[in-house]
file protein-v4.cif (mmCIF, C-alpha atoms)
data_query
loop_
_atom_site.label_atom_id
_atom_site.label_comp_id
_atom_site.auth_asym_id
_atom_site.auth_seq_id
_atom_site.Cartn_x
_atom_site.Cartn_y
_atom_site.Cartn_z
CA MET A 1 52.04 -60.60 -3.34
CA GLN A 2 50.14 -59.93 -6.56
CA PRO A 3 52.23 -61.05 -9.60
CA TYR A 4 51.91 -57.64 -11.29
CA ILE A 5 53.19 -55.96 -8.14
CA ARG A 6 56.23 -58.22 -8.07
CA ARG A 7 57.02 -57.48 -11.73
CA ILE A 8 56.66 -53.71 -11.34
CA THR A 9 58.73 -53.74 -8.13
CA SER A 10 61.54 -55.60 -9.88
CA LEU A 11 61.44 -53.15 -12.78
CA MET A 12 61.49 -49.98 -10.67
CA VAL A 13 64.23 -51.02 -8.27
CA SER A 14 66.42 -51.76 -11.29
CA LEU A 15 66.68 -48.04 -12.06
CA PRO A 16 70.22 -46.88 -12.85
CA PHE A 17 71.11 -45.75 -9.34
CA PHE A 18 70.12 -49.15 -7.98
CA LEU A 19 73.17 -50.85 -9.49
CA SER A 20 73.99 -52.89 -6.40
CA ALA A 21 73.97 -56.60 -7.11
CA CYS A 22 71.62 -58.77 -5.09
CA THR A 23 73.28 -61.47 -2.98
CA SER A 24 72.10 -64.48 -1.11
CA MET A 25 72.52 -66.53 2.03
CA ASN A 26 71.69 -69.47 4.31
CA ALA A 27 73.53 -70.53 7.43
CA MET A 28 76.74 -72.48 6.92
CA PRO A 29 79.76 -73.11 9.18
CA VAL A 30 82.12 -70.16 9.47
CA ILE A 31 85.10 -70.24 7.10
CA VAL A 32 88.16 -68.22 8.09
CA ALA A 33 89.49 -66.29 5.08
CA PRO A 34 93.02 -64.94 5.60
CA THR A 35 93.28 -63.52 2.07
CA LEU A 36 90.23 -61.36 2.70
CA ALA A 37 91.76 -60.31 6.00
CA ALA A 38 94.83 -59.00 4.21
CA LYS A 39 92.67 -56.95 1.84
CA SER A 40 90.68 -55.51 4.74
CA LEU A 41 93.94 -54.57 6.46
CA SER A 42 94.88 -52.52 3.41
CA ILE A 43 91.61 -50.61 3.69
CA ALA A 44 92.15 -49.79 7.35
CA ALA A 45 95.72 -48.68 6.74
CA ALA A 46 94.62 -46.40 3.91
CA THR A 47 92.25 -44.47 6.19
CA ASN A 48 94.71 -44.18 9.09
CA THR A 49 91.74 -44.67 11.41
CA VAL A 50 92.17 -48.27 12.54
CA VAL A 51 90.01 -48.84 15.61
CA ASP A 52 89.81 -52.11 17.49
CA LYS A 53 86.42 -53.81 17.48
CA GLU A 54 85.12 -52.12 14.34
CA LYS A 55 83.32 -54.57 12.06
CA ILE A 56 82.58 -54.43 8.33
CA LEU A 57 79.91 -56.60 6.70
CA SER A 58 79.80 -57.09 2.93
CA LEU A 59 77.78 -59.06 0.40
CA ASN A 60 78.76 -60.23 -3.06
CA SER A 61 77.18 -61.99 -6.01
CA ASN A 62 78.94 -65.29 -5.25
CA ASN A 63 76.51 -66.10 -2.43
CA GLN A 64 79.03 -65.04 0.21
CA ILE A 65 78.85 -62.69 3.15
CA THR A 66 82.11 -61.54 4.74
CA LEU A 67 82.53 -60.20 8.26
CA SER A 68 85.87 -58.82 9.47
CA ASP A 69 87.45 -56.47 11.97
CA SER A 70 88.35 -53.07 10.56
CA ASP A 71 92.04 -54.01 10.83
CA GLY A 72 91.43 -57.08 8.66
CA ARG A 73 91.76 -59.68 11.39
CA ASN A 74 89.27 -62.44 12.13
CA ALA A 75 87.74 -62.38 8.66
CA ARG A 76 84.94 -64.90 8.24
CA GLN A 77 82.82 -65.96 5.30
CA TYR A 78 79.36 -67.50 5.20
CA LEU A 79 78.11 -69.35 2.13
CA LEU A 80 74.43 -68.61 1.70
CA GLU A 81 71.36 -69.48 -0.35
CA PRO A 82 70.30 -67.37 -3.37
CA ASN A 83 67.97 -64.37 -3.42
CA VAL A 84 69.02 -62.43 -0.33
CA ILE A 85 68.43 -58.76 -1.12
CA ALA A 86 69.45 -57.09 2.16
CA ALA A 87 71.55 -57.72 5.25
CA ALA A 88 72.69 -55.79 8.32
CA LEU A 89 75.02 -56.39 11.26
CA SER A 90 73.62 -55.87 14.76
CA PRO A 91 75.08 -53.08 16.95
CA ASP A 92 76.84 -55.63 19.17
CA GLY A 93 78.25 -57.52 16.17
CA LYS A 94 76.71 -60.82 17.24
CA LYS A 95 73.89 -61.26 14.72
CA ILE A 96 73.22 -60.62 11.05
CA ALA A 97 69.67 -59.89 9.91
CA TYR A 98 68.90 -60.68 6.30
CA ASP A 99 65.96 -60.65 3.92
CA ARG A 100 65.50 -63.54 1.50
CA GLU A 101 63.18 -63.15 -1.48
CA GLU A 102 60.80 -66.05 -2.07
CA PRO A 103 58.47 -66.54 -5.08
CA LEU A 104 55.50 -64.94 -3.31
CA ASN A 105 56.99 -62.97 -0.42
CA ASN A 106 60.12 -62.03 1.52
CA ILE A 107 61.27 -63.62 4.77
CA LEU A 108 63.51 -62.12 7.46
CA PHE A 109 66.11 -64.27 9.20
CA LEU A 110 68.62 -63.77 12.01
CA LEU A 111 72.03 -65.42 11.67
CA ASP A 112 74.20 -66.06 14.72
CA VAL A 113 77.73 -64.89 13.86
CA GLN A 114 79.44 -67.48 16.07
CA THR A 115 77.43 -70.60 15.19
CA GLY A 116 76.44 -69.70 11.62
CA GLN A 117 72.88 -70.87 12.32
CA SER A 118 69.84 -68.97 11.05
CA THR A 119 66.38 -68.62 12.58
CA GLN A 120 63.30 -67.27 10.81
CA LEU A 121 61.95 -63.99 12.18
CA SER A 122 59.07 -62.86 9.97
CA LYS A 123 56.02 -64.91 9.10
CA GLY A 124 55.78 -64.37 5.35
CA GLN A 125 53.70 -61.19 5.36
CA ILE A 126 56.41 -59.09 3.66
CA ALA A 127 55.81 -58.61 -0.06
CA GLY A 128 57.68 -55.96 -2.14
CA HIS A 129 60.93 -54.77 -0.54
CA PRO A 130 63.45 -52.33 -2.10
CA GLY A 131 66.29 -53.88 -0.16
CA THR A 132 67.50 -51.84 2.85
CA LEU A 133 67.49 -53.37 6.30
CA LEU A 134 68.85 -51.65 9.44
CA TRP A 135 68.98 -52.27 13.19
CA SER A 136 67.82 -49.86 15.86
CA PRO A 137 70.69 -48.40 17.96
CA LYS A 138 69.68 -50.60 20.93
CA GLY A 139 69.52 -53.72 18.75
CA ASP A 140 65.94 -54.55 19.72
CA GLN A 141 64.23 -53.73 16.41
CA LEU A 142 64.74 -53.83 12.67
CA PHE A 143 63.66 -51.14 10.21
CA LEU A 144 62.65 -51.70 6.58
CA SER A 145 60.28 -50.45 3.89
CA CYS A 146 57.98 -52.91 2.16
CA THR A 147 54.46 -53.78 1.14
CA VAL A 148 52.51 -56.22 3.30
CA GLY A 149 50.14 -58.91 2.13
CA ASP A 150 48.11 -57.91 -0.94
CA SER A 151 48.68 -54.17 -0.46
CA SER A 152 50.57 -52.28 -3.15
CA VAL A 153 51.44 -49.36 -0.84
CA PHE A 154 54.94 -49.16 0.60
CA GLN A 155 55.30 -48.20 4.26
CA ILE A 156 58.24 -48.04 6.66
CA TYR A 157 57.97 -50.62 9.43
CA THR A 158 59.72 -51.63 12.62
CA VAL A 159 60.05 -55.36 13.30
CA ASP A 160 60.09 -56.64 16.88
CA LEU A 161 62.87 -59.21 17.32
CA SER A 162 61.09 -61.25 19.95
CA SER A 163 57.80 -61.73 18.11
CA GLY A 164 58.41 -60.72 14.49
CA ALA A 165 55.49 -58.29 14.77
CA MET A 166 55.59 -55.38 12.32
CA THR A 167 54.51 -51.84 13.21
CA PRO A 168 54.05 -49.17 10.50
CA LEU A 169 55.71 -45.78 11.01
CA THR A 170 54.16 -44.18 7.92
CA SER A 171 50.67 -43.97 6.43
CA PHE A 172 51.18 -43.43 2.71
CA THR A 173 48.09 -43.92 0.56
CA ASN A 174 49.52 -44.22 -2.96
CA GLY A 175 51.41 -47.30 -4.07
CA LEU A 176 52.44 -49.32 -7.09
CA PRO A 177 52.62 -48.91 -9.98
CA PHE A 178 53.23 -45.19 -9.38
CA LYS A 179 55.03 -44.92 -6.04
CA ILE A 180 57.77 -46.71 -4.07
CA VAL A 181 59.04 -45.67 -0.65
CA SER A 182 62.65 -46.71 -0.12
CA PHE A 183 64.01 -46.69 3.44
CA ASN A 184 67.69 -45.72 3.33
CA SER A 185 69.19 -44.76 6.69
CA LEU A 186 68.71 -44.24 10.41
CA SER A 187 70.35 -41.61 12.61
CA ASN A 188 72.69 -42.79 15.37
CA ASP A 189 70.10 -41.92 18.04
CA GLY A 190 67.36 -43.79 16.15
CA ASN A 191 65.09 -40.72 16.02
CA THR A 192 65.37 -39.81 12.32
CA ILE A 193 64.95 -41.89 9.18
CA GLY A 194 66.26 -40.98 5.74
CA LEU A 195 63.99 -42.16 2.91
CA THR A 196 63.47 -41.75 -0.80
CA THR A 197 60.05 -41.55 -2.44
CA LEU A 198 60.11 -42.66 -6.08
CA THR A 199 57.17 -41.54 -8.19
CA MET A 200 56.56 -42.95 -11.65
CA PRO A 201 54.88 -40.53 -14.09
CA PRO A 202 51.48 -41.90 -15.27
CA GLN A 203 52.59 -41.44 -18.87
CA GLY A 204 55.70 -43.57 -18.28
CA GLY A 205 59.39 -42.72 -18.26
CA PHE A 206 61.90 -42.44 -15.43
CA SER A 207 60.79 -42.19 -11.84
CA GLN A 208 61.18 -38.89 -9.98
CA GLY A 209 63.03 -39.03 -6.67
CA THR A 210 62.30 -37.05 -3.51
CA LEU A 211 64.63 -37.11 -0.48
CA GLN A 212 62.82 -36.95 2.85
CA ILE A 213 63.39 -37.37 6.57
CA LEU A 214 60.95 -38.95 9.01
CA ASP A 215 60.81 -38.06 12.71
CA VAL A 216 60.29 -41.46 14.35
CA LYS A 217 58.57 -40.05 17.45
CA SER A 218 56.16 -37.60 15.81
CA ARG A 219 55.80 -39.57 12.54
CA GLN A 220 56.16 -36.26 10.67
CA ILE A 221 57.82 -36.31 7.22
CA LYS A 222 59.82 -33.40 5.85
CA THR A 223 60.95 -33.06 2.23
CA VAL A 224 64.62 -32.10 1.87
CA LEU A 225 65.03 -32.18 -1.92
CA ASP A 226 63.01 -33.20 -4.96
CA GLU A 227 63.96 -33.41 -8.61
CA GLY A 228 61.90 -30.33 -9.38
CA HIS A 229 64.38 -28.26 -7.35
CA SER A 230 67.65 -30.12 -7.87
CA GLY A 231 68.92 -28.15 -10.87
CA ASP A 232 70.69 -30.38 -13.38
CA ILE A 233 70.91 -33.30 -10.92
CA ILE A 234 68.45 -35.99 -11.97
CA ARG A 235 67.56 -39.57 -10.97
CA ILE A 236 68.18 -38.73 -7.31
CA GLY A 237 67.89 -41.46 -4.74
CA GLY A 238 69.22 -42.74 -1.43
CA ALA A 239 68.82 -40.43 1.59
CA TYR A 240 71.83 -41.44 3.71
CA LEU A 241 72.09 -39.50 6.95
CA SER A 242 75.60 -38.66 8.14
CA PRO A 243 76.42 -40.02 11.62
CA ASP A 244 75.83 -36.58 13.18
CA GLY A 245 72.40 -36.39 11.52
CA LYS A 246 73.03 -32.96 10.00
CA THR A 247 73.63 -33.91 6.36
CA ILE A 248 72.14 -36.23 3.76
CA PHE A 249 74.41 -37.91 1.22
CA PHE A 250 72.60 -39.13 -1.89
CA ILE A 251 73.16 -40.45 -5.41
CA GLY A 252 72.28 -38.35 -8.45
CA LYS A 253 73.03 -38.18 -12.15
CA GLN A 254 74.78 -35.12 -13.52
CA ASN A 255 76.57 -34.78 -16.88
CA GLU A 256 75.93 -38.43 -17.80
CA HIS A 257 77.39 -39.92 -14.60
CA TYR A 258 76.04 -40.89 -11.20
CA ARG A 259 77.83 -39.14 -8.35
CA VAL A 260 77.52 -38.68 -4.59
CA PHE A 261 76.08 -35.35 -3.47
CA ARG A 262 75.31 -33.87 -0.07
CA ILE A 263 72.73 -31.47 1.31
CA GLY A 264 71.86 -30.22 4.79
CA VAL A 265 68.74 -31.70 6.36
CA ASP A 266 67.32 -28.18 6.23
CA GLY A 267 67.67 -28.21 2.42
CA SER A 268 70.71 -25.91 2.31
CA HIS A 269 74.26 -26.24 0.93
CA LEU A 270 73.68 -28.66 -1.92
CA GLN A 271 77.08 -29.73 -3.28
CA GLN A 272 78.82 -32.51 -5.17
CA VAL A 273 81.02 -34.82 -3.10
CA THR A 274 82.75 -37.24 -5.46
CA GLN A 275 84.91 -36.10 -8.35
CA GLU A 276 83.47 -34.76 -11.60
CA ASN A 277 86.08 -36.42 -13.83
CA ALA A 278 85.76 -39.98 -12.49
CA SER A 279 85.11 -42.57 -15.20
CA TYR A 280 82.80 -44.73 -13.09
CA ASP A 281 79.23 -44.36 -11.88
CA ILE A 282 78.41 -44.56 -8.17
CA ALA A 283 75.43 -46.36 -6.70
CA GLU A 284 73.84 -47.20 -3.38
CA PRO A 285 74.32 -48.04 -0.62
CA VAL A 286 76.38 -45.34 1.11
CA VAL A 287 77.76 -46.76 4.38
CA PHE A 288 79.56 -44.40 6.76
CA SER A 289 82.44 -45.26 9.07
CA PRO A 290 81.52 -45.04 12.78
CA ASP A 291 83.47 -41.78 13.15
CA GLY A 292 81.86 -40.27 10.03
CA THR A 293 85.13 -39.48 8.23
CA SER A 294 84.71 -41.90 5.31
CA PHE A 295 82.13 -44.03 3.52
CA PHE A 296 81.80 -47.02 1.26
CA ALA A 297 79.73 -46.87 -1.93
CA TYR A 298 79.22 -49.20 -4.88
CA THR A 299 80.81 -48.08 -8.11
CA GLY A 300 80.43 -49.23 -11.68
CA ASP A 301 82.37 -48.52 -14.84
CA GLN A 302 80.68 -47.90 -18.19
CA LYS A 303 83.58 -49.31 -20.22
CA PRO A 304 82.75 -52.59 -22.02
CA GLY A 305 84.29 -55.63 -20.36
CA ASP A 306 84.83 -54.02 -16.95
CA PRO A 307 83.14 -55.38 -13.80
CA ASN A 308 79.62 -54.16 -13.17
CA GLY A 309 80.73 -52.65 -9.90
CA VAL A 310 83.10 -52.81 -6.94
CA PRO A 311 82.94 -51.52 -3.34
CA THR A 312 84.88 -48.26 -3.05
CA LEU A 313 86.05 -46.32 -0.02
CA PHE A 314 85.82 -42.51 -0.11
CA SER A 315 86.59 -39.76 2.37
CA THR A 316 83.59 -37.57 3.15
CA ASP A 317 85.19 -34.75 1.13
CA GLY A 318 85.07 -36.99 -1.97
CA ASN A 319 88.60 -38.35 -2.28
CA LEU A 320 88.79 -41.95 -3.45
CA ILE A 321 90.81 -43.97 -0.95
CA ARG A 322 90.61 -47.47 -2.39
CA GLN A 323 88.64 -49.58 -4.88
CA LEU A 324 88.23 -53.26 -4.08
CA SER A 325 88.66 -54.45 -7.66
CA ASP A 326 88.94 -58.08 -6.54
CA TYR A 327 85.29 -58.01 -5.45
CA PRO A 328 83.17 -57.33 -8.56
CA ASN A 329 79.49 -56.93 -7.72
CA GLY A 330 80.24 -56.77 -4.00
CA LYS A 331 78.86 -54.12 -1.67
CA VAL A 332 79.55 -53.10 1.92
CA VAL A 333 76.28 -52.98 3.87
CA SER A 334 77.34 -52.38 7.50
CA TRP A 335 80.21 -50.71 9.34
CA ILE A 336 79.88 -50.64 13.13
CA LYS A 337 81.93 -50.10 16.27
CA VAL A 338 81.24 -52.93 18.68
CA PRO A 339 80.83 -51.72 22.30
CA GLN A 340 83.94 -52.32 24.40
#

call {"tool": "encode", "arguments": {"input": "protein-v4.cif", "output": "structure tokens"}}
result
Amino acid sequence: MQPYIRRITSLMVSLPFFLSACTSMNAMPVIVAPTLAAKSLSIAAATNTVVDKEKILSLNSNNQITLSDSDGRNARQYLLEPNVIAAALSPDGKKIAYDREEPLNNILFLLDVQTGQSTQLSKGQIAGHPGTLLWSPKGDQLFLSCTVGDSSVFQIYTVDLSSGAMTPLTSFTNGLPFKIVSFNSLSNDGNTIGLTTLTMPPQGGFSQGTLQILDVKSRQIKTVLDEGHSGDIIRIGGAYLSPDGKTIFFIGKQNEHYRVFRIGVDGSHLQQVTQENASYDIAEPVVFSPDGTSFFAYTGDQKPGDPNGVPTLFSTDGNLIRQLSDYPNGKVVSWIKVPQ
């Protein structure tokens, strides 16, 4: 990757709504963590939706990844190498895909949950990567947005798990330093992608966000909302499709704070989700529960001396259920229901 591309990528993905801390990993033996299990149990009890075989995957800034059942049992930690910027749990709960940033490129790995061993998937062609990685519903592909080789243009790609081959789903023509395409979410049926296009004004200043959806089969892209039509909501980013695929949840700044908002995929019914009077900012990612009744987000507090951010559980109508204050700079990245 060209050095100037790497520098500009790092600058742009550090925009205020990208507050999530990067974490890191490399395979290590599994460590059972009963104290984390107790904390996870509190989360499940608070939602009153404890379901056997649900799994939550989280990353933190202490080079740890934690995997647990939704009822808090069988919590496991993996101690990992630095510079992992994305991770995702497979639909069957058996593997964790992660993206590790190297000096000149990014490399994808697959970690076996039971053995803790990692195998390299990609062959070093991935350059700039905003940091979202998701599995296909069948568990046979990965999705991400990135630049490849010396190109400065971001595209959304699928990655074949057997060969590591990458196939582009988009054909954007403009790239850095003026445009980043950030892949955010995938519908439950795998047919629709939620993405954010960030455009940097040529004269400088903050990037302008546009929420879009991509039809995987037709490759057609539809704009749902852009900052020119979002009223007093600015710095929008993160197109997170609800499990039913009918609504996009996103992050935006309004009245000096970052909040979660929602809008129909047809561009209708724009409304604020999280509370107006909350003292903290909210940042990506937004991770829905399998039944779509709640979601995790990453929250930060502007008060001096407070943690940069903690994972926070909300109901989809915006009520705060629980903040995990013991996990500063942690973020939940996957929440799945393992097939029975």

call {"tool": "atom_distance", "arguments": {"input": "protein-v4.cif", "atom1": "CA of Ala87 (chain A)", "atom2": "CA of Ala297 (chain A)"}}
result
15.4 Å

call {"tool": "resolve_selection", "arguments": {"input": "protein-v4.cif", "expression": "the PyMOL selection byres ((chain A and resi 129) around 8)", "output": "compact mmCIF listing (two decimals) with C-alpha atoms, keeping the file's coordinate frame"}}
result
# COMPACT_ATOMS: atom_id res chain seq x y z
CA THR A 9 58.73 -53.74 -8.13
CA ASN A 106 60.12 -62.03 1.52
CA ILE A 126 56.41 -59.09 3.66
CA ALA A 127 55.81 -58.61 -0.06
CA GLY A 128 57.68 -55.96 -2.14
CA PRO A 130 63.45 -52.33 -2.10
CA GLY A 131 66.29 -53.88 -0.16
CA THR A 132 67.50 -51.84 2.85
CA LEU A 144 62.65 -51.70 6.58
CA SER A 145 60.28 -50.45 3.89
CA CYS A 146 57.98 -52.91 2.16
CA THR A 147 54.46 -53.78 1.14

call {"tool": "resolve_selection", "arguments": {"input": "protein-v4.cif", "expression": "the PyMOL selection byres ((chain A and resi 118) around 12)", "output": "list in words"}}
result
Met25, Asn26, Ala27, Met28, Pro29, Tyr78, Leu80, Glu81, Lys95, Ile96, Ala97, Tyr98, Asp99, Arg100, Ile107, Leu108, Phe109, Leu110, Leu111, Asp112, Val113, Gln114, Thr115, Gly116, Gln117, Thr119, Gln120 and Leu121 of chain A

call {"tool": "resolve_selection", "arguments": {"input": "protein-v4.cif", "expression": "the PyMOL selection byres ((chain A and resi 321) around 10)", "output": "PDB file with C-alpha atoms, in the frame of the given file"}}
result
ATOM      1  CA  ILE A  43      91.610 -50.610   3.690  1.00  0.00           C
ATOM      2  CA  ALA A  46      94.620 -46.400   3.910  1.00  0.00           C
ATOM      3  CA  THR A  47      92.250 -44.470   6.190  1.00  0.00           C
ATOM      4  CA  SER A 294      84.710 -41.900   5.310  1.00  0.00           C
ATOM      5  CA  PHE A 295      82.130 -44.030   3.520  1.00  0.00           C
ATOM      6  CA  PHE A 296      81.800 -47.020   1.260  1.00  0.00           C
ATOM      7  CA  THR A 312      84.880 -48.260  -3.050  1.00  0.00           C
ATOM      8  CA  LEU A 313      86.050 -46.320  -0.020  1.00  0.00           C
ATOM      9  CA  PHE A 314      85.820 -42.510  -0.110  1.00  0.00           C
ATOM     10  CA  SER A 315      86.590 -39.760   2.370  1.00  0.00           C
ATOM     11  CA  GLY A 318      85.070 -36.990  -1.970  1.00  0.00           C
ATOM     12  CA  ASN A 319      88.600 -38.350  -2.280  1.00  0.00           C
ATOM     13  CA  LEU A 320      88.790 -41.950  -3.450  1.00  0.00           C
ATOM     14  CA  ARG A 322      90.610 -47.470  -2.390  1.00  0.00           C
ATOM     15  CA  GLN A 323      88.640 -49.580  -4.880  1.00  0.00           C
TER      16      GLN A 323
END

call {"tool": "atom_distance", "arguments": {"input": "protein-v4.cif", "atom1": "CA of Lys246 (chain A)", "atom2": "CA of Thr173 (chain A)"}}
result
28.8 Å

call {"tool": "residues_around", "arguments": {"input": "protein-v4.cif", "residues": "Lys253 (chain A)", "least_positions_apart": "2", "cutoff": "9 Å", "atoms": "all atoms listed in the file", "output": "VMD selection string"}}
result
chain A and resid 17 232 to 236 251 255 to 260 281

call {"tool": "write_last_selection", "arguments": {"input": "protein-v4.cif", "atoms": "C-alpha atoms", "output": "PDB file, in the coordinates of the input"}}
result
ATOM      1  CA  PHE A  17      71.110 -45.750  -9.340  1.00  0.00           C
ATOM      2  CA  ASP A 232      70.690 -30.380 -13.380  1.00  0.00           C
ATOM      3  CA  ILE A 233      70.910 -33.300 -10.920  1.00  0.00           C
ATOM      4  CA  ILE A 234      68.450 -35.990 -11.970  1.00  0.00           C
ATOM      5  CA  ARG A 235      67.560 -39.570 -10.970  1.00  0.00           C
ATOM      6  CA  ILE A 236      68.180 -38.730  -7.310  1.00  0.00           C
ATOM      7  CA  ILE A 251      73.160 -40.450  -5.410  1.00  0.00           C
ATOM      8  CA  ASN A 255      76.570 -34.780 -16.880  1.00  0.00           C
ATOM      9  CA  GLU A 256      75.930 -38.430 -17.800  1.00  0.00           C
ATOM     10  CA  HIS A 257      77.390 -39.920 -14.600  1.00  0.00           C
ATOM     11  CA  TYR A 258      76.040 -40.890 -11.200  1.00  0.00           C
ATOM     12  CA  ARG A 259      77.830 -39.140  -8.350  1.00  0.00           C
ATOM     13  CA  VAL A 260      77.520 -38.680  -4.590  1.00  0.00           C
ATOM     14  CA  ASP A 281      79.230 -44.360 -11.880  1.00  0.00           C
TER      15      ASP A 281
END

call {"tool": "closest_residue", "arguments": {"input": "protein-v4.cif", "among": "A:Leu225, A:Leu270, A:Ile156, A:Ala239", "to": "Leu195 (chain A)", "atoms": "only C-alpha atoms"}}
result
A:Ala239

call {"tool": "atom_distance", "arguments": {"input": "protein-v4.cif", "atom1": "CA of Pro202 (chain A)", "atom2": "CA of Ile180 (chain A)"}}
result
13.7 Å

call {"tool": "closest_residue", "arguments": {"input": "protein-v4.cif", "among": "A:Glu101, A:Asp140, A:Asp69, A:Asp150", "to": "Val84 (chain A)", "atoms": "all atoms listed in the file"}}
result
A:Glu101

call {"tool": "closest_residue", "arguments": {"input": "protein-v4.cif", "among": "A:Lys94, A:Ile56, A:Asn174, A:Gly190", "to": "Gln141 (chain A)", "atoms": "only C-alpha atoms"}}
result
A:Gly190

call {"tool": "closest_residue", "arguments": {"input": "protein-v4.cif", "among": "A:Val310, A:Gln77, A:Asp317, A:Phe206", "to": "Lys331 (chain A)", "atoms": "only C-alpha atoms"}}
result
A:Val310

call {"tool": "residues_near_point", "arguments": {"input": "protein-v4.cif", "point": "(63.2, -44.8, 3.6)", "cutoff": "12 Å", "atoms": "all atoms listed in the file", "output": "VMD selection string"}}
result
chain A and resid 129 to 134 143 to 146 154 to 158 169 to 170 180 to 187 192 to 198 209 to 216 221 237 to 241

call {"tool": "decode", "arguments": {"input": "protein-v4.cif", "residues": "region 265-280 of chain A", "atoms": "N, CA and C atoms", "output": "mmCIF file, in the first residue's frame"}}
result
data_model
loop_
_atom_site.group_PDB
_atom_site.id
_atom_site.type_symbol
_atom_site.label_atom_id
_atom_site.label_comp_id
_atom_site.auth_asym_id
_atom_site.auth_seq_id
_atom_site.Cartn_x
_atom_site.Cartn_y
_atom_site.Cartn_z
ATOM 1 N N VAL A 265 -35.397 1.582 4.964
ATOM 2 C CA VAL A 265 -34.520 1.410 3.801
ATOM 3 C C VAL A 265 -35.068 2.137 2.579
ATOM 4 N N ASP A 266 -36.336 2.553 2.661
ATOM 5 C CA ASP A 266 -36.905 3.359 1.575
ATOM 6 C C ASP A 266 -36.700 4.852 1.808
ATOM 7 N N GLY A 267 -35.962 5.218 2.861
ATOM 8 C CA GLY A 267 -35.678 6.619 3.151
ATOM 9 C C GLY A 267 -36.727 7.319 3.988
ATOM 10 N N SER A 268 -37.693 6.591 4.512
ATOM 11 C CA SER A 268 -38.775 7.200 5.290
ATOM 12 C C SER A 268 -38.573 6.993 6.790
ATOM 13 N N HIS A 269 -39.328 7.773 7.582
ATOM 14 C CA HIS A 269 -39.406 7.617 9.033
ATOM 15 C C HIS A 269 -38.051 7.743 9.717
ATOM 16 N N LEU A 270 -37.355 8.826 9.430
ATOM 17 C CA LEU A 270 -36.109 9.136 10.134
ATOM 18 C C LEU A 270 -36.436 9.541 11.566
ATOM 19 N N GLN A 271 -35.796 8.900 12.549
ATOM 20 C CA GLN A 271 -36.056 9.235 13.941
ATOM 21 C C GLN A 271 -34.862 8.898 14.818
ATOM 22 N N GLN A 272 -34.766 9.592 15.942
ATOM 23 C CA GLN A 272 -33.709 9.331 16.912
ATOM 24 C C GLN A 272 -34.091 8.123 17.749
ATOM 25 N N VAL A 273 -33.085 7.286 18.065
ATOM 26 C CA VAL A 273 -33.334 6.084 18.859
ATOM 27 C C VAL A 273 -32.896 6.279 20.303
ATOM 28 N N THR A 274 -31.625 6.614 20.511
ATOM 29 C CA THR A 274 -31.126 6.755 21.873
ATOM 30 C C THR A 274 -31.474 8.130 22.447
ATOM 31 N N GLN A 275 -31.389 8.249 23.746
ATOM 32 C CA GLN A 275 -31.924 9.403 24.448
ATOM 33 C C GLN A 275 -31.159 10.691 24.172
ATOM 34 N N GLU A 276 -31.912 11.788 24.120
ATOM 35 C CA GLU A 276 -31.348 13.109 23.848
ATOM 36 C C GLU A 276 -30.480 13.608 24.995
ATOM 37 N N ASN A 277 -30.845 13.272 26.240
ATOM 38 C CA ASN A 277 -30.172 13.851 27.401
ATOM 39 C C ASN A 277 -29.028 13.001 27.929
ATOM 40 N N ALA A 278 -28.616 11.964 27.202
ATOM 41 C CA ALA A 278 -27.502 11.142 27.662
ATOM 42 C C ALA A 278 -26.207 11.944 27.619
ATOM 43 N N SER A 279 -25.325 11.699 28.590
ATOM 44 C CA SER A 279 -24.086 12.479 28.693
ATOM 45 C C SER A 279 -22.967 11.912 27.828
ATOM 46 N N TYR A 280 -23.157 10.732 27.268
ATOM 47 C CA TYR A 280 -22.094 10.078 26.518
ATOM 48 C C TYR A 280 -22.368 10.157 25.013
#
